[in-house]
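Participant: Coordinates in query37.cif, mmCIF, C-alpha atoms, are listed below.
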```
data_my_file
loop_
_atom_site.label_atom_id
_atom_site.label_comp_id
_atom_site.auth_asym_id
_atom_site.auth_seq_id
_atom_site.Cartn_x
_atom_site.Cartn_y
_atom_site.Cartn_z
CA MET G 980 71.97 -80.59 129.48
CA LYS G 981 70.07 -77.34 129.14
CA PRO G 982 66.30 -77.24 129.86
CA LEU G 983 64.24 -78.55 126.95
CA ASP G 984 62.77 -76.02 124.55
CA TYR G 985 59.56 -77.65 123.33
CA LYS G 986 59.29 -75.58 120.18
CA LEU G 987 62.53 -77.21 119.03
CA ILE G 988 61.18 -80.72 119.64
CA HIS G 989 57.92 -79.65 117.99
CA ALA G 990 59.95 -78.82 114.89
CA LEU G 991 61.49 -82.31 114.93
CA ASP G 992 58.06 -83.90 115.41
CA THR G 993 56.60 -81.93 112.48
CA ILE G 994 59.49 -82.81 110.18
CA ILE G 995 59.06 -86.52 110.93
CA ASN G 996 55.29 -86.31 110.37
CA GLN G 997 55.55 -84.28 107.16
CA GLN G 998 58.68 -86.08 105.89
CA SER G 999 59.90 -82.73 104.58
CA PHE G 1000 61.64 -79.65 105.99
CA GLU G 1001 59.71 -77.48 103.55
CA LYS G 1002 56.28 -78.88 104.42
CA ALA G 1003 57.10 -78.75 108.13
CA ALA G 1004 58.04 -75.08 107.83
CA VAL G 1005 54.73 -74.33 106.11
CA SER G 1006 52.84 -76.23 108.80
CA LEU G 1007 54.56 -74.24 111.58
CA HIS G 1008 54.28 -70.93 109.68
CA ILE G 1009 58.03 -70.33 109.70
CA THR G 1010 60.74 -70.32 107.04
CA GLN G 1011 62.63 -73.42 106.01
CA SER G 1012 65.81 -71.77 107.29
CA ALA G 1013 64.16 -71.23 110.68
CA ILE G 1014 63.10 -74.85 111.05
CA SER G 1015 66.61 -76.00 110.10
CA GLN G 1016 67.98 -73.69 112.80
CA ARG G 1017 65.61 -75.22 115.37
CA ILE G 1018 66.92 -78.70 114.61
CA LYS G 1019 70.49 -77.40 114.85
CA GLN G 1020 69.74 -75.80 118.23
CA LEU G 1021 68.16 -79.00 119.51
CA GLU G 1022 71.19 -81.00 118.45
CA GLN G 1023 73.45 -78.52 120.22
CA ILE G 1024 71.41 -78.90 123.44
CA VAL G 1025 71.61 -82.72 123.46
CA ALA G 1026 75.13 -82.69 121.97
CA GLN G 1027 74.29 -85.26 119.29
CA PRO G 1028 72.20 -85.66 116.11
CA VAL G 1029 68.44 -85.99 116.52
CA LEU G 1030 67.56 -86.60 112.87
CA ILE G 1031 68.76 -89.08 110.25
CA ARG G 1032 68.65 -87.08 107.04
CA ASN G 1033 67.87 -89.94 104.66
CA HIS G 1034 64.66 -91.00 102.94
CA PRO G 1035 62.48 -91.54 104.82
CA LEU G 1036 63.48 -88.98 107.47
CA LYS G 1037 63.90 -90.71 110.84
CA ALA G 1038 64.72 -89.65 114.36
CA THR G 1039 67.90 -90.95 115.97
CA ALA G 1040 67.69 -92.89 119.24
CA ILE G 1041 67.92 -89.70 121.32
CA GLY G 1042 65.57 -87.94 118.90
CA GLN G 1043 63.04 -90.71 119.40
CA LYS G 1044 63.25 -90.35 123.18
CA LEU G 1045 62.62 -86.62 122.85
CA LEU G 1046 59.61 -87.27 120.62
CA VAL G 1047 58.10 -89.78 123.05
CA HIS G 1048 58.42 -87.23 125.86
CA PHE G 1049 57.06 -84.38 123.73
CA ARG G 1050 54.04 -86.35 122.56
CA GLN G 1051 53.19 -87.42 126.10
CA VAL G 1052 53.42 -83.80 127.30
CA ARG G 1053 51.25 -82.67 124.40
CA GLN G 1054 48.66 -85.31 125.26
CA LEU G 1055 48.50 -84.00 128.82
CA GLU G 1056 48.11 -80.44 127.50
CA TYR G 1057 45.15 -81.45 125.33
CA ASP G 1058 43.45 -83.13 128.27
CA LEU G 1059 44.15 -80.23 130.63
CA ALA G 1060 42.87 -77.68 128.12
CA GLY G 1061 39.64 -79.62 127.85
CA GLU G 1062 39.20 -79.58 131.61
CA LEU G 1063 40.03 -75.90 132.07
CA ASN G 1064 38.17 -74.49 129.10
CA HIS G 1065 35.51 -76.46 127.24
CA GLN G 1066 35.67 -73.95 124.38
CA ASP G 1067 39.07 -75.39 123.52
CA GLN G 1068 37.27 -78.61 122.62
CA GLU G 1069 36.18 -76.86 119.44
CA LYS G 1070 39.76 -77.13 118.21
CA SER G 1071 40.81 -80.31 116.43
CA ILE G 1072 42.46 -82.87 118.67
CA PRO G 1073 44.86 -85.27 116.91
CA LEU G 1074 44.52 -88.92 117.88
CA SER G 1075 47.25 -91.29 116.67
CA ILE G 1076 46.57 -95.00 117.17
CA ALA G 1077 48.28 -98.12 115.85
CA VAL G 1078 45.76 -100.78 114.86
CA ASN G 1079 45.84 -104.05 112.95
CA ALA G 1080 43.95 -104.36 109.67
CA ASP G 1081 41.40 -106.93 110.86
CA THR G 1082 40.35 -104.83 113.85
CA LEU G 1083 40.09 -101.73 111.67
CA ALA G 1084 37.94 -103.55 109.11
CA ILE G 1085 35.56 -105.10 111.63
CA TRP G 1086 34.93 -103.01 114.75
CA PHE G 1087 37.40 -100.22 115.45
CA ILE G 1088 35.54 -97.31 113.80
CA PRO G 1089 32.17 -98.25 115.39
CA ALA G 1090 33.94 -98.35 118.75
CA LEU G 1091 35.13 -94.77 118.31
CA ALA G 1092 32.06 -93.44 116.49
CA PRO G 1093 30.30 -91.97 119.57
CA LEU G 1094 33.40 -89.97 120.54
CA LEU G 1095 34.10 -88.87 116.96
CA LYS G 1096 30.58 -87.46 116.80
CA GLU G 1097 30.84 -85.69 120.16
CA TYR G 1098 34.40 -84.32 120.05
CA PRO G 1099 36.55 -82.77 117.27
CA LEU G 1100 38.93 -85.72 117.14
CA VAL G 1101 41.11 -86.11 114.05
CA LEU G 1102 42.26 -89.69 113.55
CA ASP G 1103 45.72 -90.65 112.40
CA LEU G 1104 45.60 -94.45 112.18
CA GLN G 1105 48.81 -96.39 111.66
CA VAL G 1106 47.89 -99.81 110.26
CA ALA G 1107 50.31 -102.65 110.95
CA ASP G 1108 50.30 -106.32 111.87
CA GLU G 1109 49.06 -106.83 115.44
CA SER G 1110 52.50 -108.16 116.40
CA ARG G 1111 54.17 -104.92 115.22
CA THR G 1112 51.80 -102.17 116.35
CA GLN G 1113 53.54 -102.11 119.73
CA GLU G 1114 56.74 -100.97 118.00
CA LEU G 1115 54.98 -97.77 116.89
CA PHE G 1116 53.75 -97.23 120.45
CA LYS G 1117 57.22 -97.73 121.92
CA ARG G 1118 58.67 -95.21 119.48
CA GLY G 1119 56.06 -92.66 120.53
CA GLU G 1120 54.59 -92.42 117.02
CA VAL G 1121 51.10 -93.19 118.39
CA PHE G 1122 49.38 -92.42 121.68
CA SER G 1123 48.06 -95.99 122.00
CA ALA G 1124 47.98 -99.31 120.17
CA ILE G 1125 46.10 -102.57 119.75
CA SER G 1126 48.65 -105.37 119.97
CA SER G 1127 48.99 -109.12 120.43
CA HIS G 1128 51.72 -108.50 123.03
CA ASN G 1129 50.65 -108.46 126.67
CA LYS G 1130 53.69 -106.62 128.05
CA SER G 1131 54.33 -102.93 127.60
CA ILE G 1132 57.02 -100.40 128.46
CA SER G 1133 57.63 -98.42 131.63
CA GLY G 1134 55.02 -95.74 132.23
CA CYS G 1135 52.38 -97.51 130.16
CA LYS G 1136 49.55 -99.93 130.90
CA VAL G 1137 48.06 -102.93 129.12
CA GLN G 1138 44.39 -103.95 129.16
CA THR G 1139 43.00 -107.18 127.72
CA ILE G 1140 40.42 -106.56 124.98
CA GLY G 1141 39.45 -110.09 124.01
CA CYS G 1142 40.24 -113.13 121.90
CA VAL G 1143 39.88 -113.27 118.12
CA ASP G 1144 38.92 -116.65 116.63
CA TYR G 1145 40.64 -117.01 113.23
CA ILE G 1146 39.24 -119.58 110.78
CA LEU G 1147 41.11 -121.03 107.80
CA CYS G 1148 38.68 -120.29 104.96
CA ALA G 1149 38.28 -120.90 101.25
CA SER G 1150 35.47 -121.06 98.73
CA PRO G 1151 33.80 -124.42 97.98
CA ALA G 1152 35.30 -124.38 94.47
CA PHE G 1153 38.77 -123.73 95.87
CA GLN G 1154 38.37 -126.59 98.31
CA ARG G 1155 37.33 -128.99 95.54
CA LYS G 1156 40.29 -127.93 93.38
CA TYR G 1157 43.10 -127.92 95.94
CA PHE G 1158 41.90 -129.85 98.99
CA PRO G 1159 39.64 -132.70 97.72
CA GLU G 1160 41.19 -135.00 100.33
CA GLY G 1161 41.37 -132.36 103.06
CA ILE G 1162 44.17 -130.14 104.33
CA ASN G 1163 47.65 -131.66 104.19
CA ALA G 1164 51.20 -130.47 103.63
CA LYS G 1165 51.37 -131.67 100.01
CA ALA G 1166 48.23 -129.77 98.99
CA LEU G 1167 49.25 -126.64 100.94
CA LYS G 1168 52.50 -126.41 98.97
CA ILE G 1169 50.46 -126.05 95.77
CA ALA G 1170 47.43 -124.01 96.85
CA PRO G 1171 47.94 -120.21 96.91
CA GLY G 1172 47.61 -118.47 100.26
CA VAL G 1173 47.57 -114.80 101.31
CA GLU G 1174 49.62 -112.67 103.69
CA TYR G 1175 49.21 -109.02 104.70
CA ASP G 1176 52.80 -108.03 103.89
CA GLN G 1177 56.31 -109.46 103.94
CA ARG G 1178 56.55 -109.00 107.73
CA ASP G 1179 53.26 -110.75 108.46
CA THR G 1180 53.94 -114.06 110.20
CA MET G 1181 50.48 -115.07 111.44
CA ASP G 1182 49.46 -117.19 108.43
CA SER G 1183 52.91 -118.69 107.86
CA GLY G 1184 53.27 -119.44 111.58
CA TYR G 1185 49.87 -121.14 111.62
CA LEU G 1186 50.78 -123.37 108.67
CA ALA G 1187 54.17 -124.25 110.17
CA ASP G 1188 52.72 -125.09 113.58
CA ASN G 1189 49.79 -127.14 112.33
CA TYR G 1190 50.96 -128.69 109.05
CA GLY G 1191 54.75 -128.38 108.98
CA VAL G 1192 54.72 -126.14 105.90
CA GLN G 1193 57.30 -123.36 106.12
CA ALA G 1194 57.18 -119.84 104.67
CA GLY G 1195 58.51 -119.86 101.12
CA GLU G 1196 57.35 -123.43 100.48
CA TYR G 1197 53.98 -122.40 99.08
CA PRO G 1198 52.64 -119.73 96.66
CA CYS G 1199 51.40 -116.68 98.53
CA HIS G 1200 49.72 -113.41 97.52
CA THR G 1201 50.59 -110.19 99.36
CA VAL G 1202 47.45 -108.12 99.92
CA ARG G 1203 47.59 -105.21 102.36
CA SER G 1204 43.88 -105.17 103.11
CA SER G 1205 41.73 -107.21 105.45
CA GLU G 1206 38.72 -106.78 103.17
CA ALA G 1207 40.77 -108.02 100.21
CA PHE G 1208 41.59 -111.20 102.15
CA VAL G 1209 37.90 -112.02 102.28
CA THR G 1210 37.37 -111.15 98.61
CA MET G 1211 40.29 -113.32 97.55
CA ALA G 1212 38.79 -116.26 99.44
CA ILE G 1213 35.23 -115.75 98.18
CA GLU G 1214 36.42 -115.47 94.57
CA GLY G 1215 38.24 -118.79 94.88
CA LEU G 1216 41.68 -117.23 94.47
CA ALA G 1217 43.26 -118.25 97.76
CA TYR G 1218 42.74 -119.67 101.23
CA CYS G 1219 43.42 -117.53 104.29
CA LEU G 1220 42.82 -116.99 108.00
CA ILE G 1221 39.79 -114.75 108.58
CA PRO G 1222 38.35 -113.60 111.94
CA HIS G 1223 35.12 -115.43 112.80
CA THR G 1224 33.19 -112.14 113.12
CA GLN G 1225 34.24 -111.24 109.59
CA ALA G 1226 33.72 -114.68 108.03
CA ASN G 1227 30.54 -115.75 109.82
CA ASP G 1228 27.95 -114.43 107.33
CA TYR G 1229 29.87 -115.90 104.37
CA LEU G 1230 30.14 -119.25 106.14
CA LYS G 1231 26.38 -119.29 106.77
CA ALA G 1232 25.69 -118.38 103.14
CA GLY G 1233 27.96 -121.15 101.88
CA GLN G 1234 30.34 -118.74 100.14
CA LEU G 1235 33.17 -119.82 102.41
CA ILE G 1236 34.06 -123.12 104.06
CA ASP G 1237 35.87 -123.72 107.34
CA LEU G 1238 38.78 -125.81 106.06
CA ALA G 1239 40.10 -126.78 109.49
CA PRO G 1240 37.34 -126.73 112.13
CA ASP G 1241 39.65 -128.42 114.65
CA ASN G 1242 42.51 -126.00 114.06
CA HIS G 1243 41.22 -122.49 114.67
CA LEU G 1244 43.78 -119.87 115.66
CA LYS G 1245 43.03 -118.01 118.88
CA GLN G 1246 44.72 -114.64 119.30
CA THR G 1247 44.27 -112.32 122.29
CA LEU G 1248 44.37 -108.56 121.67
CA TYR G 1249 45.58 -105.99 124.18
CA TRP G 1250 45.17 -102.21 124.44
CA HIS G 1251 48.42 -100.33 125.19
CA SER G 1252 48.16 -96.77 126.50
CA TRP G 1253 50.01 -94.28 128.66
CA ILE G 1254 49.40 -94.81 132.37
CA LEU G 1255 48.91 -91.06 132.99
CA GLU G 1256 46.24 -90.62 130.35
CA LYS G 1257 43.20 -88.64 131.44
CA GLY G 1258 40.30 -86.68 130.03
CA LEU G 1259 39.39 -87.40 126.41
CA HIS G 1260 42.28 -89.78 125.83
CA LYS G 1261 41.11 -91.86 128.79
CA LYS G 1262 37.58 -91.90 127.33
CA VAL G 1263 38.98 -93.20 124.05
CA SER G 1264 40.70 -96.08 125.85
CA GLU G 1265 37.58 -96.90 127.83
CA HIS G 1266 35.37 -96.94 124.71
CA ILE G 1267 37.70 -99.17 122.73
CA VAL G 1268 38.31 -101.68 125.53
CA LYS G 1269 34.62 -101.89 126.46
CA PHE G 1270 33.49 -102.27 122.84
CA GLY G 1271 36.11 -104.93 122.14
CA LYS G 1272 35.29 -106.91 125.29
CA ASN G 1273 31.60 -106.99 124.32
CA LEU G 1274 32.35 -108.14 120.78
CA LEU G 1275 35.24 -110.57 121.15
CA LEU G 1276 35.39 -113.86 122.99
#
```
Can the structure from this file be put into structure tokens for me?

Facilitator:
Amino acid sequence: MKPLDYKLIHALDTIINQQSFEKAAVSLHITQSAISQRIKQLEQIVAQPVLIRNHPLKATAIGQKLLVHFRQVRQLEYDLAGELNHQDQEKSIPLSIAVNADTLAIWFIPALAPLLKEYPLVLDLQVADESRTQELFKRGEVFSAISSHNKSISGCKVQTIGCVDYILCASPAFQRKYFPEGINAKALKIAPGVEYDQRDTMDSGYLADNYGVQAGEYPCHTVRSSEAFVTMAIEGLAYCLIPHTQANDYLKAGQLIDLAPDNHLKQTLYWHSWILEKGLHKKVSEHIVKFGKNLLL
């Protein structure tokens, strides 16, 4: 294979990010014909397609490998530029991170706040279930990720952040209506619950493990917001698992009730990042891990 031409991979990366040849061309200040030619040249170099031209636009397996390599090289360039010339720090530095909704709602922004104030970082947060954020990291779509998985891929490292204590919560009125005799399988099949999206398995797994109620056997709202989970519970619309740090004030005020004090869900979070990270990217990792360790159990 011929030596890699990074401007060709940059074109692929921009197309994937913009989800449009036209928008990618505008972003790179070239014509749409030129960006199409760059993709064609890249495919000729690797002797196979690098882009699946459907909606949404996706990289092929070899295209994904090229993107992972390109994004790692670009990360090193950003860090090196900062070390060689501090004036370059005036330019915006993109920072792509995969994070779960609960972490984002509770402590992630405060953890990064000092660095966001000091450096021209531009966040691109990919929000997904903590069991799926690692997928984005493996595909090279983000430079790091918060995940519930403790194993990473070659060339990357994993650091323990801490343990999240999830509490099954509901309002007092909801408890009186659906669980007057306590939590049991019969009542759970009638009471409405909440899940983040169709791929979220934390709540359904918890109910199956502790009460033998399987997914699909109970009514369940789909609400893609951690804050909305809390609101649904407070308003008496559903029961749901809420992190202790997020539920604590509402529990003290009597707006929420711990429905299963003997059945809390403990989930450990891990920080996945590239082992060769340095400079500003290393500072980001250090801030997030330190902040999380101080906050979580």

Participant: So that each row is one residue of segment 1113-1183 of chain G with an atom at most 12 Å from segment 1258-1262 of chain G, can you give its shortest atom pair and the distance in Å to one decimal, using only C-alpha atoms, rows by chain and rising number, as JSON lines?

Facilitator:
```
{"residue": "G:Phe1122", "atom": "CA", "partner": "G:His1260", "partner_atom": "CA", "distance": 8.6}
{"residue": "G:Ser1123", "atom": "CA", "partner": "G:His1260", "partner_atom": "CA", "distance": 9.3}
{"residue": "G:Lys1136", "atom": "CA", "partner": "G:Lys1261", "partner_atom": "CA", "distance": 11.9}
```

Participant: Go ahead and compute the interatomic distance for atom CA of Asn1227 of chain G and atom CA of Ala1077 of chain G, in Å to one decimal.

Facilitator: 25.7 Å

Participant: I'd like the interatomic distance between atom CA of Tyr1218 of chain G and atom CA of Ile1162 of chain G, to a tenth of an Å.

Facilitator: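 Atom-to-atom, atom CA of Tyr1218 of chain G to atom CA of Ile1162 of chain G, that is 11.0 Å.
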
Participant: Taking the file as shown, find all residues satisfying the PyMOL selection byres ((chain G and resi 1045-1054) around 7) and write them as a list in words.

Facilitator: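 For this structure, the PyMOL selection byres ((chain G and resi 1045-1054) around 7) resolves to Ile988, Asp992, Ile1041, Gly1042, Gln1043, Lys1044, Leu1055, Glu1056, Tyr1057, Asp1058, Arg1118 and Gly1119 of chain G.
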
Participant: Generate the output file for the selected residues, C-alpha atoms, as a compact mmCIF listing (two decimals), in the coordinates of the input.

Facilitator:
```
# COMPACT_ATOMS: atom_id res chain seq x y z
CA ILE G 988 61.18 -80.72 119.64
CA ASP G 992 58.06 -83.90 115.41
CA ILE G 1041 67.92 -89.70 121.32
CA GLY G 1042 65.57 -87.94 118.90
CA GLN G 1043 63.04 -90.71 119.40
CA LYS G 1044 63.25 -90.35 123.18
CA LEU G 1055 48.50 -84.00 128.82
CA GLU G 1056 48.11 -80.44 127.50
CA TYR G 1057 45.15 -81.45 125.33
CA ASP G 1058 43.45 -83.13 128.27
CA ARG G 1118 58.67 -95.21 119.48
CA GLY G 1119 56.06 -92.66 120.53
```

Participant: Rank G:Ala1004, G:Ile995, G:Ile1254, G:Val1263 by their smallest atom-to-atom distance to Ser1133 of chain G, using all atoms listed in the file, and report the top residue only.

Facilitator: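 Answer, going by the shortest atom-to-atom distance: G:Ile1254.
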
Participant: Pick the closest to Leu991 of chain G from G:Ala1013, G:Val1143, G:Ala1040, G:Val1029: which is it, counting only C-alpha atoms?

Facilitator: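 With only C-alpha atoms as the atom set, the closest residue is G:Val1029.
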
Participant: Env of Tyr1145 of chain G: 6 Å cut, atoms = all atoms listed in the file, seq-sep filter 3 positions within chain, self excluded. Answer as a PyMOL selection string.

Facilitator: chain G and resi 1220-1223+1243-1244

Participant: Find the distance between atom CA of Ala1212 of chain G and atom CA of Gln1193 of chain G and write it in Å to one decimal.

Facilitator: 20.9 Å

Participant: Which residues would end up in the selection if the PyMOL selection byres ((chain G and resi 1219) around 12) were applied here, given that I need the answer as an MDAnalysis selection string?

Facilitator: chainID G and resid 1145:1150 1153:1154 1167 1170:1175 1181:1183 1185:1186 1199:1202 1205:1213 1215:1218 1220:1222 1226 1235:1239 1243:1244

Participant: Could you spell out the hits of the PyMOL selection byres ((chain G and resi 1271-1276) around 10) on the shown file, as an mmCIF file with C-alpha atoms, in the frame of the given file?

Facilitator:
```
data_model
loop_
_atom_site.group_PDB
_atom_site.id
_atom_site.type_symbol
_atom_site.label_atom_id
_atom_site.label_comp_id
_atom_site.auth_asym_id
_atom_site.auth_seq_id
_atom_site.Cartn_x
_atom_site.Cartn_y
_atom_site.Cartn_z
ATOM 1 C CA THR G 1082 40.350 -104.830 113.850
ATOM 2 C CA TRP G 1086 34.930 -103.010 114.750
ATOM 3 C CA PHE G 1087 37.400 -100.220 115.450
ATOM 4 C CA ALA G 1090 33.940 -98.350 118.750
ATOM 5 C CA THR G 1139 43.000 -107.180 127.720
ATOM 6 C CA ILE G 1140 40.420 -106.560 124.980
ATOM 7 C CA GLY G 1141 39.450 -110.090 124.010
ATOM 8 C CA CYS G 1142 40.240 -113.130 121.900
ATOM 9 C CA VAL G 1143 39.880 -113.270 118.120
ATOM 10 C CA ASP G 1144 38.920 -116.650 116.630
ATOM 11 C CA HIS G 1223 35.120 -115.430 112.800
ATOM 12 C CA THR G 1224 33.190 -112.140 113.120
ATOM 13 C CA LYS G 1245 43.030 -118.010 118.880
ATOM 14 C CA THR G 1247 44.270 -112.320 122.290
ATOM 15 C CA LEU G 1248 44.370 -108.560 121.670
ATOM 16 C CA TYR G 1249 45.580 -105.990 124.180
ATOM 17 C CA TRP G 1250 45.170 -102.210 124.440
ATOM 18 C CA GLU G 1265 37.580 -96.900 127.830
ATOM 19 C CA HIS G 1266 35.370 -96.940 124.710
ATOM 20 C CA ILE G 1267 37.700 -99.170 122.730
ATOM 21 C CA VAL G 1268 38.310 -101.680 125.530
ATOM 22 C CA LYS G 1269 34.620 -101.890 126.460
ATOM 23 C CA PHE G 1270 33.490 -102.270 122.840
#
```

Participant: Restricting the calculation to all atoms listed in the file: of G:Asp1179, G:Pro1035, G:Ile1072, G:Glu1001, which residue gets closest to Val1101 of chain G?

Facilitator: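 Checking each of G:Asp1179, G:Pro1035, G:Ile1072, G:Glu1001 against Val1101 of chain G, counting all atoms listed in the file, the winner is G:Ile1072.
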
Participant: Would you mind listing what lies within 10 Å of Arg1111 of chain G as a list in words, with only C-alpha atoms counted and same-chain residues fewer than 4 positions away left out?

Facilitator: Ala1077, Val1078, Asn1079, Val1106, Ala1107, Leu1115, Phe1116, Ala1124, Ile1125, Ser1126, Ser1127, His1128, Arg1178 and Asp1179 of chain G

Participant: Enumerate, as a PyMOL selection string, the protein, DNA and RNA residues whose atoms approach (40.4, -97.8, 106.6) to within 9 Å, taking into account all atoms listed in the file and the coordinate frame of the file.

Facilitator: chain G and resi 1080+1083-1084+1088+1104+1106+1204

Participant: In terms of the shortest atom-to-atom distance over all atoms listed in the file, which of G:Cys1135, G:Lys1096, G:Tyr1229, G:Gln1113 is closest to Ile1076 of chain G?

Facilitator: G:Gln1113
